[in-house]
$ cat protein32.cif   # mmCIF, C-alpha atoms
data_entry
#
loop_
_atom_site.group_PDB
_atom_site.id
_atom_site.type_symbol
_atom_site.label_atom_id
_atom_site.label_comp_id
_atom_site.auth_asym_id
_atom_site.auth_seq_id
_atom_site.Cartn_x
_atom_site.Cartn_y
_atom_site.Cartn_z
ATOM 1 C CA MET A 1 212.511 114.965 56.708
ATOM 2 C CA LYS A 2 210.261 112.495 58.475
ATOM 3 C CA TYR A 3 209.358 112.802 62.151
ATOM 4 C CA ARG A 4 208.579 110.282 64.873
ATOM 5 C CA VAL A 5 206.840 110.553 68.243
ATOM 6 C CA PHE A 6 209.392 110.729 71.024
ATOM 7 C CA GLY A 7 208.235 108.184 73.569
ATOM 8 C CA LYS A 8 205.878 109.401 76.301
ATOM 9 C CA THR A 9 206.437 113.059 75.396
ATOM 10 C CA ASP A 10 204.285 114.797 72.804
ATOM 11 C CA TRP A 11 207.339 115.761 70.751
ATOM 12 C CA ASN A 12 207.678 114.962 67.073
ATOM 13 C CA VAL A 13 211.404 114.658 66.434
ATOM 14 C CA SER A 14 213.301 114.269 63.188
ATOM 15 C CA GLU A 15 214.242 110.656 62.587
ATOM 16 C CA ILE A 16 217.730 111.898 61.756
ATOM 17 C CA GLY A 17 219.070 114.112 64.536
ATOM 18 C CA LEU A 18 222.511 115.553 65.116
ATOM 19 C CA GLY A 19 225.088 114.285 67.569
ATOM 20 C CA THR A 20 227.628 116.953 68.498
ATOM 21 C CA TRP A 21 230.559 115.015 69.953
ATOM 22 C CA GLN A 22 232.679 116.278 67.067
ATOM 23 C CA VAL A 23 230.713 119.357 65.952
ATOM 24 C CA GLY A 24 233.275 122.065 65.220
ATOM 25 C CA GLY A 25 236.080 119.935 66.656
ATOM 26 C CA GLY A 26 236.618 116.844 68.787
ATOM 27 C CA TRP A 27 238.160 113.536 67.752
ATOM 28 C CA GLY A 28 241.611 115.118 67.725
ATOM 29 C CA LYS A 29 240.611 118.448 66.171
ATOM 30 C CA PRO A 30 240.474 121.856 67.943
ATOM 31 C CA PHE A 31 237.058 123.442 68.381
ATOM 32 C CA ASP A 32 236.078 125.840 65.600
ATOM 33 C CA PRO A 33 232.985 127.911 66.509
ATOM 34 C CA LYS A 34 232.409 128.997 62.910
ATOM 35 C CA LYS A 35 232.408 125.404 61.691
ATOM 36 C CA ALA A 36 230.076 124.411 64.528
ATOM 37 C CA GLU A 37 227.697 127.198 63.560
ATOM 38 C CA GLU A 38 227.770 126.115 59.917
ATOM 39 C CA ILE A 39 227.042 122.479 60.772
ATOM 40 C CA LEU A 40 224.218 123.309 63.180
ATOM 41 C CA HIS A 41 222.445 125.680 60.812
ATOM 42 C CA LYS A 42 222.809 123.236 57.932
ATOM 43 C CA ALA A 43 221.159 120.599 60.134
ATOM 44 C CA PHE A 44 218.255 122.912 60.942
ATOM 45 C CA ASP A 45 217.915 123.876 57.288
ATOM 46 C CA GLN A 46 217.564 120.172 56.467
ATOM 47 C CA GLY A 47 214.678 119.752 58.909
ATOM 48 C CA ILE A 48 216.650 118.296 61.813
ATOM 49 C CA ASN A 49 214.982 119.393 65.040
ATOM 50 C CA PHE A 50 216.752 117.193 67.605
ATOM 51 C CA VAL A 51 220.301 117.966 68.738
ATOM 52 C CA ASP A 52 222.257 115.969 71.314
ATOM 53 C CA THR A 53 225.218 117.461 73.154
ATOM 54 C CA ALA A 54 226.953 117.085 76.534
ATOM 55 C CA ASP A 55 228.701 119.270 79.070
ATOM 56 C CA VAL A 56 232.006 117.461 78.473
ATOM 57 C CA TYR A 57 232.063 117.976 74.707
ATOM 58 C CA ASP A 58 234.888 120.464 74.197
ATOM 59 C CA GLY A 59 234.535 121.623 77.795
ATOM 60 C CA GLY A 60 231.106 123.185 77.314
ATOM 61 C CA LEU A 61 231.879 124.813 73.947
ATOM 62 C CA SER A 62 229.577 122.389 72.155
ATOM 63 C CA GLU A 63 226.668 123.265 74.462
ATOM 64 C CA ALA A 64 227.321 126.969 73.950
ATOM 65 C CA ALA A 65 227.387 126.579 70.164
ATOM 66 C CA VAL A 66 224.123 124.639 70.225
ATOM 67 C CA GLY A 67 222.459 127.253 72.411
ATOM 68 C CA ARG A 68 223.549 130.131 70.169
ATOM 69 C CA ALA A 69 222.346 128.392 67.033
ATOM 70 C CA VAL A 70 218.984 127.422 68.506
ATOM 71 C CA LYS A 71 218.302 130.988 69.627
ATOM 72 C CA GLU A 72 218.933 132.205 66.086
ATOM 73 C CA ARG A 73 216.149 130.004 64.686
ATOM 74 C CA SER A 74 212.378 130.302 64.717
ATOM 75 C CA GLU A 75 211.703 126.545 64.438
ATOM 76 C CA ARG A 76 211.031 124.368 67.470
ATOM 77 C CA ILE A 77 214.311 122.577 68.084
ATOM 78 C CA TYR A 78 214.685 120.051 70.879
ATOM 79 C CA VAL A 79 217.951 120.241 72.781
ATOM 80 C CA ALA A 80 219.249 117.209 74.646
ATOM 81 C CA THR A 81 222.346 117.379 76.788
ATOM 82 C CA LYS A 82 224.008 115.067 79.282
ATOM 83 C CA CYS A 83 225.590 115.257 82.713
ATOM 84 C CA GLY A 84 227.742 113.109 84.967
ATOM 85 C CA ARG A 85 230.917 112.497 83.020
ATOM 86 C CA ARG A 86 232.616 115.415 84.745
ATOM 87 C CA ILE A 87 232.742 113.236 87.864
ATOM 88 C CA GLN A 88 236.306 111.975 88.278
ATOM 89 C CA PRO A 89 237.012 109.300 89.194
ATOM 90 C CA HIS A 90 233.858 108.178 87.444
ATOM 91 C CA VAL A 91 232.424 106.004 90.209
ATOM 92 C CA LYS A 92 229.062 105.579 91.931
ATOM 93 C CA GLU A 93 230.164 107.502 95.003
ATOM 94 C CA GLY A 94 230.642 110.641 92.914
ATOM 95 C CA TYR A 95 226.980 110.737 91.920
ATOM 96 C CA THR A 96 225.115 112.943 94.391
ATOM 97 C CA PRO A 97 221.976 115.050 93.889
ATOM 98 C CA ASP A 98 223.828 118.251 94.800
ATOM 99 C CA ARG A 99 226.603 117.641 92.310
ATOM 100 C CA LEU A 100 224.247 116.711 89.487
ATOM 101 C CA ARG A 101 222.036 119.726 90.214
ATOM 102 C CA LYS A 102 225.087 121.948 89.796
ATOM 103 C CA TYR A 103 225.940 120.278 86.482
ATOM 104 C CA VAL A 104 222.408 120.862 85.173
ATOM 105 C CA GLU A 105 222.583 124.523 86.182
ATOM 106 C CA ASP A 106 225.994 124.804 84.505
ATOM 107 C CA SER A 107 224.516 123.388 81.299
ATOM 108 C CA LEU A 108 221.660 125.883 81.419
ATOM 109 C CA ARG A 109 224.233 128.675 81.576
ATOM 110 C CA ASN A 110 226.327 127.146 78.794
ATOM 111 C CA LEU A 111 223.287 126.788 76.555
ATOM 112 C CA GLY A 112 221.832 130.156 77.474
ATOM 113 C CA LEU A 113 218.378 128.581 77.642
ATOM 114 C CA GLU A 114 215.712 128.844 80.315
ATOM 115 C CA GLN A 115 214.917 125.134 80.144
ATOM 116 C CA ILE A 116 216.687 121.988 78.907
ATOM 117 C CA ASP A 117 214.338 119.870 76.832
ATOM 118 C CA LEU A 118 216.050 116.588 77.714
ATOM 119 C CA ILE A 119 218.737 116.039 80.330
ATOM 120 C CA GLN A 120 220.385 112.617 80.340
ATOM 121 C CA LEU A 121 222.638 110.823 82.754
ATOM 122 C CA HIS A 122 225.821 110.327 80.745
ATOM 123 C CA CYS A 123 226.639 106.624 80.912
ATOM 124 C CA PRO A 124 226.956 106.412 84.694
ATOM 125 C CA PRO A 125 228.429 103.372 86.462
ATOM 126 C CA THR A 126 225.908 100.531 86.618
ATOM 127 C CA PRO A 127 225.192 100.867 90.393
ATOM 128 C CA VAL A 128 223.899 104.426 89.871
ATOM 129 C CA TYR A 129 220.750 103.022 88.260
ATOM 130 C CA GLY A 130 219.795 101.689 91.694
ATOM 131 C CA GLN A 131 220.106 105.086 93.420
ATOM 132 C CA GLU A 132 216.513 106.316 93.685
ATOM 133 C CA GLU A 133 217.594 109.682 95.107
ATOM 134 C CA ILE A 134 219.353 110.479 91.831
ATOM 135 C CA PHE A 135 216.184 109.997 89.836
ATOM 136 C CA ARG A 136 214.140 111.957 92.409
ATOM 137 C CA LEU A 137 216.449 114.896 91.778
ATOM 138 C CA PHE A 138 215.318 115.040 88.156
ATOM 139 C CA GLU A 139 211.683 114.946 89.254
ATOM 140 C CA ASP A 140 212.460 118.053 91.329
ATOM 141 C CA LEU A 141 214.250 119.743 88.438
ATOM 142 C CA LYS A 142 211.266 119.075 86.194
ATOM 143 C CA ALA A 143 208.882 120.517 88.772
ATOM 144 C CA GLU A 144 211.116 123.607 88.966
ATOM 145 C CA GLY A 145 210.921 124.049 85.196
ATOM 146 C CA LYS A 146 214.656 123.607 84.627
ATOM 147 C CA ILE A 147 214.153 120.483 82.505
ATOM 148 C CA ALA A 148 211.227 119.272 80.434
ATOM 149 C CA ALA A 149 212.184 115.586 80.402
ATOM 150 C CA MET A 150 214.868 113.220 81.671
ATOM 151 C CA GLY A 151 216.585 110.265 80.055
ATOM 152 C CA VAL A 152 219.616 108.036 80.348
ATOM 153 C CA SER A 153 222.512 107.324 78.040
ATOM 154 C CA VAL A 154 223.636 103.759 78.672
ATOM 155 C CA GLU A 155 226.445 101.399 77.793
ATOM 156 C CA ARG A 156 224.575 98.170 78.508
ATOM 157 C CA VAL A 157 221.106 96.938 77.591
ATOM 158 C CA ASP A 158 220.575 95.725 81.166
ATOM 159 C CA GLU A 159 221.161 99.273 82.428
ATOM 160 C CA ALA A 160 218.468 100.552 80.083
ATOM 161 C CA ILE A 161 215.981 97.921 81.276
ATOM 162 C CA GLN A 162 216.603 98.977 84.873
ATOM 163 C CA ALA A 163 216.398 102.706 84.138
ATOM 164 C CA ILE A 164 213.038 102.646 82.369
ATOM 165 C CA GLU A 165 211.382 101.386 85.540
ATOM 166 C CA TYR A 166 211.604 104.962 86.849
ATOM 167 C CA ASP A 167 208.597 107.033 85.794
ATOM 168 C CA ILE A 168 210.757 110.132 85.277
ATOM 169 C CA VAL A 169 212.750 108.401 82.507
ATOM 170 C CA SER A 170 211.396 109.330 79.089
ATOM 171 C CA SER A 171 214.238 108.162 76.869
ATOM 172 C CA VAL A 172 217.198 105.847 76.481
ATOM 173 C CA GLN A 173 220.225 106.661 74.373
ATOM 174 C CA VAL A 174 221.964 103.488 73.292
ATOM 175 C CA ILE A 175 224.531 102.233 70.795
ATOM 176 C CA PHE A 176 222.747 100.343 68.026
ATOM 177 C CA ASN A 177 224.058 99.561 64.583
ATOM 178 C CA LEU A 178 224.794 96.660 62.230
ATOM 179 C CA PHE A 179 227.590 95.593 64.602
ATOM 180 C CA ARG A 180 225.603 96.080 67.847
ATOM 181 C CA GLN A 181 222.259 94.335 67.450
ATOM 182 C CA LYS A 182 221.573 93.232 71.032
ATOM 183 C CA PRO A 183 219.020 96.012 71.761
ATOM 184 C CA ILE A 184 216.603 94.282 69.382
ATOM 185 C CA GLU A 185 216.299 91.329 71.780
ATOM 186 C CA LYS A 186 215.029 92.949 74.984
ATOM 187 C CA LEU A 187 215.193 96.719 74.910
ATOM 188 C CA PHE A 188 213.063 97.497 71.884
ATOM 189 C CA GLY A 189 210.051 95.580 73.146
ATOM 190 C CA ALA A 190 210.314 96.953 76.680
ATOM 191 C CA ALA A 191 210.701 100.506 75.391
ATOM 192 C CA GLU A 192 207.645 100.137 73.198
ATOM 193 C CA VAL A 193 205.530 98.930 76.123
ATOM 194 C CA LYS A 194 206.638 101.802 78.369
ATOM 195 C CA LYS A 195 206.595 104.410 75.579
ATOM 196 C CA ILE A 196 210.273 105.226 75.910
ATOM 197 C CA GLY A 197 211.985 107.307 73.247
ATOM 198 C CA LEU A 198 215.040 105.564 71.797
ATOM 199 C CA ILE A 199 217.973 107.720 70.711
ATOM 200 C CA ILE A 200 220.497 105.788 68.659
ATOM 201 C CA ARG A 201 224.123 106.848 68.914
ATOM 202 C CA VAL A 202 227.300 105.542 67.222
ATOM 203 C CA PRO A 203 225.152 104.411 64.270
ATOM 204 C CA LEU A 204 228.167 103.996 61.982
ATOM 205 C CA ALA A 205 230.452 102.370 64.577
ATOM 206 C CA SER A 206 232.780 105.384 64.732
ATOM 207 C CA GLY A 207 232.988 105.506 60.947
ATOM 208 C CA LEU A 208 233.660 101.807 60.408
ATOM 209 C CA LEU A 209 230.320 101.299 58.697
ATOM 210 C CA GLY A 210 231.091 104.101 56.291
ATOM 211 C CA GLY A 211 233.222 101.488 54.565
ATOM 212 C CA LYS A 212 236.238 103.751 54.029
ATOM 213 C CA ILE A 213 238.378 102.883 57.057
ATOM 214 C CA THR A 214 241.017 100.267 56.272
ATOM 215 C CA SER A 215 243.883 98.606 58.093
ATOM 216 C CA GLU A 216 246.096 101.381 56.671
ATOM 217 C CA THR A 217 244.018 104.241 58.116
ATOM 218 C CA VAL A 218 245.985 106.404 60.556
ATOM 219 C CA PHE A 219 244.171 108.299 63.308
ATOM 220 C CA SER A 220 245.376 111.319 65.251
ATOM 221 C CA LYS A 221 246.733 110.535 68.713
ATOM 222 C CA ASP A 222 243.942 112.722 70.131
ATOM 223 C CA ASP A 223 241.247 110.735 68.286
ATOM 224 C CA HIS A 224 239.474 108.178 70.474
ATOM 225 C CA ARG A 225 239.768 105.712 67.587
ATOM 226 C CA PHE A 226 243.509 105.765 68.282
ATOM 227 C CA PHE A 227 243.694 105.836 72.084
ATOM 228 C CA ASN A 228 240.512 104.134 73.295
ATOM 229 C CA ARG A 229 240.308 100.865 71.348
ATOM 230 C CA GLU A 230 240.900 98.920 74.564
ATOM 231 C CA GLY A 231 238.872 101.260 76.771
ATOM 232 C CA LYS A 232 241.763 103.165 78.319
ATOM 233 C CA ALA A 233 239.793 106.442 78.549
ATOM 234 C CA PHE A 234 236.153 105.292 78.657
ATOM 235 C CA ASP A 235 234.066 102.272 77.727
ATOM 236 C CA LYS A 236 235.662 100.639 74.697
ATOM 237 C CA GLY A 237 232.216 100.023 73.257
ATOM 238 C CA GLU A 238 232.091 103.712 72.327
ATOM 239 C CA THR A 239 234.997 103.184 69.915
ATOM 240 C CA PHE A 240 234.212 101.134 66.799
ATOM 241 C CA SER A 241 231.299 99.759 68.895
ATOM 242 C CA GLY A 242 233.904 97.604 70.640
ATOM 243 C CA VAL A 243 234.440 95.486 67.531
ATOM 244 C CA PRO A 244 238.053 94.421 66.907
ATOM 245 C CA LEU A 245 239.115 95.602 63.470
ATOM 246 C CA ASP A 246 240.248 92.145 62.396
ATOM 247 C CA LEU A 247 236.626 91.009 62.766
ATOM 248 C CA ALA A 248 235.106 94.175 61.362
ATOM 249 C CA PHE A 249 236.818 94.253 57.980
ATOM 250 C CA PRO A 250 235.645 90.810 56.754
ATOM 251 C CA ALA A 251 232.122 91.619 57.945
ATOM 252 C CA ILE A 252 232.166 94.918 56.084
ATOM 253 C CA GLU A 253 233.177 93.171 52.868
ATOM 254 C CA GLU A 254 230.222 90.819 53.292
ATOM 255 C CA LEU A 255 227.863 93.732 53.945
ATOM 256 C CA LYS A 256 228.996 95.509 50.802
ATOM 257 C CA LYS A 257 227.708 92.612 48.701
ATOM 258 C CA ASP A 258 224.112 93.368 49.643
ATOM 259 C CA PHE A 259 224.234 96.915 50.979
ATOM 260 C CA SER A 260 225.865 98.879 48.161
ATOM 261 C CA ASP A 261 223.078 98.750 45.564
ATOM 262 C CA GLY A 262 223.919 102.177 44.196
ATOM 263 C CA HIS A 263 224.292 103.700 47.653
ATOM 264 C CA ASP A 264 227.257 103.805 49.979
ATOM 265 C CA LEU A 265 227.399 101.428 52.933
ATOM 266 C CA GLY A 266 227.089 104.228 55.493
ATOM 267 C CA ALA A 267 223.800 105.409 54.032
ATOM 268 C CA GLN A 268 222.399 101.888 54.029
ATOM 269 C CA ALA A 269 223.615 101.365 57.607
ATOM 270 C CA LEU A 270 221.604 104.393 58.744
ATOM 271 C CA ARG A 271 218.586 103.240 56.738
ATOM 272 C CA TRP A 272 218.818 99.819 58.431
ATOM 273 C CA ILE A 273 218.434 101.445 61.861
ATOM 274 C CA LEU A 274 215.363 103.368 60.721
ATOM 275 C CA MET A 275 213.699 100.114 59.692
ATOM 276 C CA PHE A 276 212.902 99.585 63.396
ATOM 277 C CA LYS A 277 209.742 101.417 64.430
ATOM 278 C CA GLN A 278 210.860 101.583 68.072
ATOM 279 C CA VAL A 279 213.675 103.975 67.123
ATOM 280 C CA SER A 280 212.770 107.617 67.728
ATOM 281 C CA THR A 281 215.825 109.315 66.275
ATOM 282 C CA VAL A 282 219.339 108.481 65.093
ATOM 283 C CA ILE A 283 222.075 110.972 65.967
ATOM 284 C CA PRO A 284 225.053 110.555 63.636
ATOM 285 C CA GLY A 285 227.762 113.139 64.120
ATOM 286 C CA ALA A 286 229.003 115.469 61.430
ATOM 287 C CA SER A 287 232.311 117.240 60.968
ATOM 288 C CA SER A 288 231.055 119.256 57.986
ATOM 289 C CA ALA A 289 227.846 120.629 56.513
ATOM 290 C CA GLU A 290 228.234 118.170 53.641
ATOM 291 C CA GLN A 291 228.173 115.289 56.121
ATOM 292 C CA VAL A 292 224.889 116.565 57.524
ATOM 293 C CA GLU A 293 223.353 116.506 54.059
ATOM 294 C CA LYS A 294 224.670 113.004 53.463
ATOM 295 C CA ASN A 295 223.129 111.747 56.709
ATOM 296 C CA VAL A 296 219.754 113.262 55.853
ATOM 297 C CA ARG A 297 219.779 111.728 52.368
ATOM 298 C CA ALA A 298 220.268 108.300 53.927
ATOM 299 C CA ALA A 299 216.871 108.586 55.608
ATOM 300 C CA GLN A 300 215.280 109.211 52.215
ATOM 301 C CA LEU A 301 216.419 105.896 50.769
ATOM 302 C CA PRO A 302 213.768 103.253 50.047
ATOM 303 C CA PRO A 303 213.157 100.630 52.751
ATOM 304 C CA LEU A 304 215.611 97.763 52.825
ATOM 305 C CA SER A 305 214.421 94.466 51.387
ATOM 306 C CA PRO A 306 213.631 91.390 53.500
ATOM 307 C CA HIS A 307 216.759 89.809 51.986
ATOM 308 C CA GLN A 308 218.923 92.714 53.124
ATOM 309 C CA MET A 309 217.459 92.577 56.627
ATOM 310 C CA GLN A 310 218.152 88.845 56.806
ATOM 311 C CA GLU A 311 221.694 89.316 55.539
ATOM 312 C CA ALA A 312 222.309 91.982 58.186
ATOM 313 C CA LYS A 313 221.314 89.485 60.856
ATOM 314 C CA ARG A 314 223.327 86.660 59.324
ATOM 315 C CA ILE A 315 226.523 88.671 58.990
ATOM 316 C CA TYR A 316 226.258 89.930 62.566
ATOM 317 C CA GLU A 317 225.728 86.418 63.887
ATOM 318 C CA GLU A 318 228.506 84.932 61.782
ATOM 319 C CA PHE A 319 231.225 87.543 62.226
ATOM 320 C CA ILE A 320 230.461 89.738 65.239
ATOM 321 C CA LYS A 321 227.997 88.312 67.759
ATOM 322 C CA GLU A 322 230.255 85.909 69.664
ATOM 323 C CA GLU A 323 232.735 88.690 70.452
ATOM 324 C CA ILE A 324 230.292 91.530 71.132
ATOM 325 C CA HIS A 325 226.845 90.374 72.198
ATOM 326 C CA HIS A 326 227.586 89.376 75.798
ATOM 327 C CA GLN A 327 229.602 92.493 76.622
ATOM 328 C CA TRP A 328 226.923 95.141 76.310
#
$ encode --input "protein32.cif" --output "structure tokens"
Amino acid sequence: MKYRVFGKTDWNVSEIGLGTWQVGGGWGKPFDPKKAEEILHKAFDQGINFVDTADVYDGGLSEAAVGRAVKERSERIYVATKCGRRIQPHVKEGYTPDRLRKYVEDSLRNLGLEQIDLIQLHCPPTPVYGQEEIFRLFEDLKAEGKIAAMGVSVERVDEAIQAIEYDIVSSVQVIFNLFRQKPIEKLFGAAEVKKIGLIIRVPLASGLLGGKITSETVFSKDDHRFFNREGKAFDKGETFSGVPLDLAFPAIEELKKDFSDGHDLGAQALRWILMFKQVSTVIPGASSAEQVEKNVRAAQLPPLSPHQMQEAKRIYEEFIKEEIHHQW
């Protein structure tokens, strides 16, 4: 495993982390604590030392599983969680310092830890980024020792640019993959200047970039890839990166021409993200221990060629950009 400096912190985090949206369950499957434990320990065995969870993942069960697993290890493992999505309706007016403080304290109890390494606002409505009192709360929580660092998980690049103006913000979690290339334009440079850690989520576009989903694939009714394609439950950009499937499939066929090369498309898609030095860690999810191993092996692939990097840009611009770029 290779490690990268995490923004303005002094942390060295694994360039492949673990996202836990579906650890032990999720995406239409019931939570299985034994499976979660197996996945988490396999990740740690592989050298992963950065785990991202959230209070809303399986109603706190994901946080609890992460906390148990971390306490069973001797390695330094950085735990990131998120707060804010419990606010319903999910509007600016619901974001208050008192409410968010309670959520952070709830997460501490769920995790069973004395301190949260990284607490992140969980894709709040855009106006929240202008509420200075919200960010002052996290300065207080840091001073109290309840958190070590604070970050934001965003839907839009413009939200990230606004958030990193606050000194308390150490990281930005953002969707970035072969089908969502906008962060390269403005965010990467700004993050580098301000020493902001970049956490990359949805790196495989909800499995699309694994190359195995087809027009015949059937998803469970409880899987967001079934019910959220038009954003009925949350931002549609979280599902297939917002890319309509009729655009995605031709693009995937084009990518396979230059991104197979003895490796599967998903592995090359992860390796493409790691070609950008501004990226701190990529957090693909895993529904099995075998998937964890597969994700880690992707980071060990040789660097992509200049031709492959150019083809990635061309295919995005030809097939995807017009539909996607302006939205996020």
$ closest_residue --input "protein32.cif" --among "A:Val218, A:Leu209, A:Ile184, A:Ala160" --to "A:Leu265" --atoms "all atoms listed in the file"
A:Leu209
$ closest_residue --input "protein32.cif" --among "A:Gly189, A:Gly210, A:Gly130, A:Gly84" --to "A:Ser153" --atoms "only C-alpha atoms"
A:Gly84
$ residues_around --input "protein32.cif" --residues "A:Lys2" --least-positions-apart "6" --cutoff "10 Å" --atoms "only C-alpha atoms" --output "MDAnalysis selection string"
chainID A and resid 12:16 47:48 296 299:300
$ atom_distance --input "protein32.cif" --atom1 "atom CA of A:Thr217" --atom2 "atom CA of A:Val202"
19.1 Å
$ atom_distance --input "protein32.cif" --atom1 "atom CA of A:Phe319" --atom2 "atom CA of A:Ala191"
27.6 Å
$ resolve_selection --input "protein32.cif" --expression "the PyMOL selection byres ((chain A and resi 309) around 12)" --output "number ranges by chain"
A: 178, 181, 255, 258-259, 268-269, 271-276, 303-308, 310-316
$ atom_distance --input "protein32.cif" --atom1 "atom CA of A:Gln115" --atom2 "atom CA of A:Ile283"
21.3 Å
$ residues_around --input "protein32.cif" --residues "A:Asp10" --least-positions-apart "4" --cutoff "12 Å" --atoms "all atoms listed in the file" --output "list in words"
Tyr3, Arg4, Val5, Phe6, Tyr78, Asp117, Ala148, Ala149, Ser170, Lys195, Ile196 and Gly197 of chain A
$ write_last_selection --input "protein32.cif" --atoms "C-alpha atoms" --output "PDB file, keeping the file's coordinate frame"
ATOM      1  CA  TYR A   3     209.358 112.802  62.151  1.00  0.00           C
ATOM      2  CA  ARG A   4     208.579 110.282  64.873  1.00  0.00           C
ATOM      3  CA  VAL A   5     206.840 110.553  68.243  1.00  0.00           C
ATOM      4  CA  PHE A   6     209.392 110.729  71.024  1.00  0.00           C
ATOM      5  CA  TYR A  78     214.685 120.051  70.879  1.00  0.00           C
ATOM      6  CA  ASP A 117     214.338 119.870  76.832  1.00  0.00           C
ATOM      7  CA  ALA A 148     211.227 119.272  80.434  1.00  0.00           C
ATOM      8  CA  ALA A 149     212.184 115.586  80.402  1.00  0.00           C
ATOM      9  CA  SER A 170     211.396 109.330  79.089  1.00  0.00           C
ATOM     10  CA  LYS A 195     206.595 104.410  75.579  1.00  0.00           C
ATOM     11  CA  ILE A 196     210.273 105.226  75.910  1.00  0.00           C
ATOM     12  CA  GLY A 197     211.985 107.307  73.247  1.00  0.00           C
TER      13      GLY A 197
END
$ closest_residue --input "protein32.cif" --among "A:Phe50, A:Phe219, A:Tyr57, A:Phe138" --to "A:Thr20" --atoms "all atoms listed in the file"
A:Tyr57
$ residues_around --input "protein32.cif" --residues "A:Ala65" --least-positions-apart "2" --cutoff "8 Å" --atoms "all atoms listed in the file" --output "PyMOL selection string"
chain A and resi 33+36-37+61-63+67-69+111
$ resolve_selection --input "protein32.cif" --expression "the PyMOL selection byres ((chain A and resi 83) around 12)" --output "number ranges by chain"
A: 52-57, 60, 63, 80-82, 84-87, 90, 95-97, 99-108, 116, 118-124, 138, 150-153
$ write_last_selection --input "protein32.cif" --atoms "C-alpha atoms" --output "PDB file, keeping the file's coordinate frame"
ATOM      1  CA  ASP A  52     222.257 115.969  71.314  1.00  0.00           C
ATOM      2  CA  THR A  53     225.218 117.461  73.154  1.00  0.00           C
ATOM      3  CA  ALA A  54     226.953 117.085  76.534  1.00  0.00           C
ATOM      4  CA  ASP A  55     228.701 119.270  79.070  1.00  0.00           C
ATOM      5  CA  VAL A  56     232.006 117.461  78.473  1.00  0.00           C
ATOM      6  CA  TYR A  57     232.063 117.976  74.707  1.00  0.00           C
ATOM      7  CA  GLY A  60     231.106 123.185  77.314  1.00  0.00           C
ATOM      8  CA  GLU A  63     226.668 123.265  74.462  1.00  0.00           C
ATOM      9  CA  ALA A  80     219.249 117.209  74.646  1.00  0.00           C
ATOM     10  CA  THR A  81     222.346 117.379  76.788  1.00  0.00           C
ATOM     11  CA  LYS A  82     224.008 115.067  79.282  1.00  0.00           C
ATOM     12  CA  GLY A  84     227.742 113.109  84.967  1.00  0.00           C
ATOM     13  CA  ARG A  85     230.917 112.497  83.020  1.00  0.00           C
ATOM     14  CA  ARG A  86     232.616 115.415  84.745  1.00  0.00           C
ATOM     15  CA  ILE A  87     232.742 113.236  87.864  1.00  0.00           C
ATOM     16  CA  HIS A  90     233.858 108.178  87.444  1.00  0.00           C
ATOM     17  CA  TYR A  95     226.980 110.737  91.920  1.00  0.00           C
ATOM     18  CA  THR A  96     225.115 112.943  94.391  1.00  0.00           C
ATOM     19  CA  PRO A  97     221.976 115.050  93.889  1.00  0.00           C
ATOM     20  CA  ARG A  99     226.603 117.641  92.310  1.00  0.00           C
ATOM     21  CA  LEU A 100     224.247 116.711  89.487  1.00  0.00           C
ATOM     22  CA  ARG A 101     222.036 119.726  90.214  1.00  0.00           C
ATOM     23  CA  LYS A 102     225.087 121.948  89.796  1.00  0.00           C
ATOM     24  CA  TYR A 103     225.940 120.278  86.482  1.00  0.00           C
ATOM     25  CA  VAL A 104     222.408 120.862  85.173  1.00  0.00           C
ATOM     26  CA  GLU A 105     222.583 124.523  86.182  1.00  0.00           C
ATOM     27  CA  ASP A 106     225.994 124.804  84.505  1.00  0.00           C
ATOM     28  CA  SER A 107     224.516 123.388  81.299  1.00  0.00           C
ATOM     29  CA  LEU A 108     221.660 125.883  81.419  1.00  0.00           C
ATOM     30  CA  ILE A 116     216.687 121.988  78.907  1.00  0.00           C
ATOM     31  CA  LEU A 118     216.050 116.588  77.714  1.00  0.00           C
ATOM     32  CA  ILE A 119     218.737 116.039  80.330  1.00  0.00           C
ATOM     33  CA  GLN A 120     220.385 112.617  80.340  1.00  0.00           C
ATOM     34  CA  LEU A 121     222.638 110.823  82.754  1.00  0.00           C
ATOM     35  CA  HIS A 122     225.821 110.327  80.745  1.00  0.00           C
ATOM     36  CA  CYS A 123     226.639 106.624  80.912  1.00  0.00           C
ATOM     37  CA  PRO A 124     226.956 106.412  84.694  1.00  0.00           C
ATOM     38  CA  PHE A 138     215.318 115.040  88.156  1.00  0.00           C
ATOM     39  CA  MET A 150     214.868 113.220  81.671  1.00  0.00           C
ATOM     40  CA  GLY A 151     216.585 110.265  80.055  1.00  0.00           C
ATOM     41  CA  VAL A 152     219.616 108.036  80.348  1.00  0.00           C
ATOM     42  CA  SER A 153     222.512 107.324  78.040  1.00  0.00           C
TER      43      SER A 153
END
$ closest_residue --input "protein32.cif" --among "A:Gly59, A:Gly145, A:Leu113, A:Gln278" --to "A:Leu187" --atoms "only C-alpha atoms"
A:Gln278
$ residues_around --input "protein32.cif" --residues "A:Lys236" --least-positions-apart "6" --cutoff "10 Å" --atoms "only C-alpha atoms" --output "ChimeraX atom specification"
/A:155,224-225,227-230,242-243
$ resolve_selection --input "protein32.cif" --expression "the PyMOL selection byres ((chain A and resi 208) around 9)" --output "NGL selection string"
:A and (204-207 or 209-214 or 240 or 245 or 248-249 or 252 or 266)
$ closest_residue --input "protein32.cif" --among "A:Leu270, A:Ile161, A:Pro203, A:Ser215" --to "A:Pro250" --atoms "only C-alpha atoms"
A:Ser215
$ axis_aligned_box --input "protein32.cif" --around "stretch 37-48 of chain A" --padding-each-side "5 Å" --output "JSON"
{"center_x": 221.2, "center_y": 122.7, "center_z": 60.0, "size_x": 23.1, "size_y": 18.9, "size_z": 17.1}
